[in-house]
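As structure tokens, the structure follows; a few thoughts come after it.
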Amino acid sequence: MAFRIIEDDLSGQQIRDLIALHLSGMHAHSPACSVHAMDVDRLQVPDITFWSIWEADALVGCGALKKLTPDHGEIKSMRTHPSALGRGAGTAMLRHIIEQARVRHYTRLSLETGSAPAFAPALRLYARHGFTACPPFADYEEDPFSRYLTLALEQQ
């Protein structure tokens with residue numbers, strides 16, 4: 001079955017539950033001062049576009065793109081539902097976000113993620129898609145619990 005990605009207004013209970021799970025997971029693996037995940041209210045601002053990914057009627061993941069500058073975007077709230085791990089939903093969402101960044105003519109796409117072992121699968125996913133380590137960007141600061149990655153985007 002194919003995945004379906006939709007722009008999501010975050011009003012549905014399934015997506016709210018997934019965001020709550022995401023926040024809980026971030027707090028379980030990083031100190032509170034190093035958690036940069038956003039709650040539903042913070043994701044509902046004009047400079048963030050949020051998507052959910054579905055397989056039939058089942059929510060399998062989510063992701064967001066935040067505009068930092070006219071040519072630089074940030075990936076936020078990438079999460080795969082535990083029931084869908086290892087089935088390609090994260091890859092599909094990441095490819096979608098990269099394509100949307102290109103459509104917006106961004107020349108760079110960056111992200112912050114954790115450094116604990118629990119974040120290793122995410123780090124491998126980003127590395128497979130060409131993301132490389134970078135210094136803190138935007139308002140981030142050096143933090144041993146954070147990893148910063150970036151991808152230079154070529155326009156197609």
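To be explicit about the labels: the chains of the structure tokens are called A, B, and onward in the order shown, and within each one the residues are counted from 1, while ligands get numbers from 1 in the order they are shown.
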Residues of region 125-146 of chain A within 9 Å of region 88-107 of chain A: nearest atom pair and distance (Å, one decimal) for each, counting only C-alpha atoms, sorted by chain and number, as CSV?
residue,atom,partner,partner_atom,distance
A:Leu125,CA,A:Thr91,CA,7.2
A:Tyr126,CA,A:Leu94,CA,8.3
A:His129,CA,A:Arg95,CA,8.4
task = Find the spatial neighbours of Arg42 (chain A), counting only C-alpha atoms, within a cut-off of 12 Å - ignore same-chain residues fewer than 2 positions away - and output them as a PyMOL selection string.
result = chain A and resi 10+19+36-40+44-50+64+66+76-77
Among the residues A:His72, A:Arg128, A:His22, A:His27, the one that comes closest to Ser110 (chain A) [using only C-alpha atoms] =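 Among the listed residues, A:His72 lies closest to Ser110 (chain A).
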request  = Can you check which residues of region 29-138 of chain A DSSP gives as alpha helix (DSSP H) on the backbone and send them as a PyMOL selection string?
outcome  = chain A and resi 29+40-43+89-103+120-128
Could the residues in this selection be saved with C-alpha atoms as a PDB file, in the first residue's frame?
ATOM      1  CA  HIS A  29      16.082  10.913  25.983  1.00  0.00           C
ATOM      2  CA  VAL A  40       0.710  21.545  18.717  1.00  0.00           C
ATOM      3  CA  ASP A  41       0.247  25.263  19.450  1.00  0.00           C
ATOM      4  CA  ARG A  42       3.835  26.113  18.484  1.00  0.00           C
ATOM      5  CA  LEU A  43       3.475  24.130  15.248  1.00  0.00           C
ATOM      6  CA  ALA A  89       7.266   6.236   6.229  1.00  0.00           C
ATOM      7  CA  GLY A  90      10.159   8.310   7.588  1.00  0.00           C
ATOM      8  CA  THR A  91      11.967   8.141   4.262  1.00  0.00           C
ATOM      9  CA  ALA A  92       8.805   9.146   2.389  1.00  0.00           C
ATOM     10  CA  MET A  93       8.229  12.113   4.697  1.00  0.00           C
ATOM     11  CA  LEU A  94      11.854  13.251   4.513  1.00  0.00           C
ATOM     12  CA  ARG A  95      11.813  13.103   0.704  1.00  0.00           C
ATOM     13  CA  HIS A  96       8.584  15.101   0.704  1.00  0.00           C
ATOM     14  CA  ILE A  97      10.053  17.800   2.949  1.00  0.00           C
ATOM     15  CA  ILE A  98      13.228  18.014   0.842  1.00  0.00           C
ATOM     16  CA  GLU A  99      11.117  18.411  -2.297  1.00  0.00           C
ATOM     17  CA  GLN A 100       8.964  21.092  -0.674  1.00  0.00           C
ATOM     18  CA  ALA A 101      12.128  22.949   0.360  1.00  0.00           C
ATOM     19  CA  ARG A 102      13.280  22.889  -3.283  1.00  0.00           C
ATOM     20  CA  VAL A 103       9.877  24.134  -4.468  1.00  0.00           C
ATOM     21  CA  ALA A 120      20.755   6.804  16.001  1.00  0.00           C
ATOM     22  CA  PRO A 121      18.034   5.631  13.557  1.00  0.00           C
ATOM     23  CA  ALA A 122      17.122   9.252  12.753  1.00  0.00           C
ATOM     24  CA  LEU A 123      20.779  10.172  12.293  1.00  0.00           C
ATOM     25  CA  ARG A 124      21.229   7.239   9.886  1.00  0.00           C
ATOM     26  CA  LEU A 125      18.145   8.315   7.907  1.00  0.00           C
ATOM     27  CA  TYR A 126      19.425  11.871   7.542  1.00  0.00           C
ATOM     28  CA  ALA A 127      22.935  10.692   6.612  1.00  0.00           C
ATOM     29  CA  ARG A 128      21.494   8.409   3.893  1.00  0.00           C
TER      30      ARG A 128
END
task = May I ask which of the residues A:Gln13, A:Ser24, A:Thr80, A:Thr150 is the closest one to Phe137 (chain A), counting only C-alpha atoms?
result = A:Thr150
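Comparing A:Trp54, A:Asp17, A:Tyr140, A:Arg4 by their smallest distance to Glu74 (chain A), the closest is A:Tyr140 (using only C-alpha atoms).
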message = At a cut-off of 7 Å, using only C-alpha atoms, what residues contact Tyr148 (chain A)? Leave out same-chain residues fewer than 6 positions from it and give the result as a ChimeraX atom specification.
response = /A:111-113,133-136
remark   = Nearest to Leu149 (chain A), restricted to only C-alpha atoms and choosing among A:Gly130, A:Pro70, A:Gly61, A:Pro31, comes out as A:Gly130
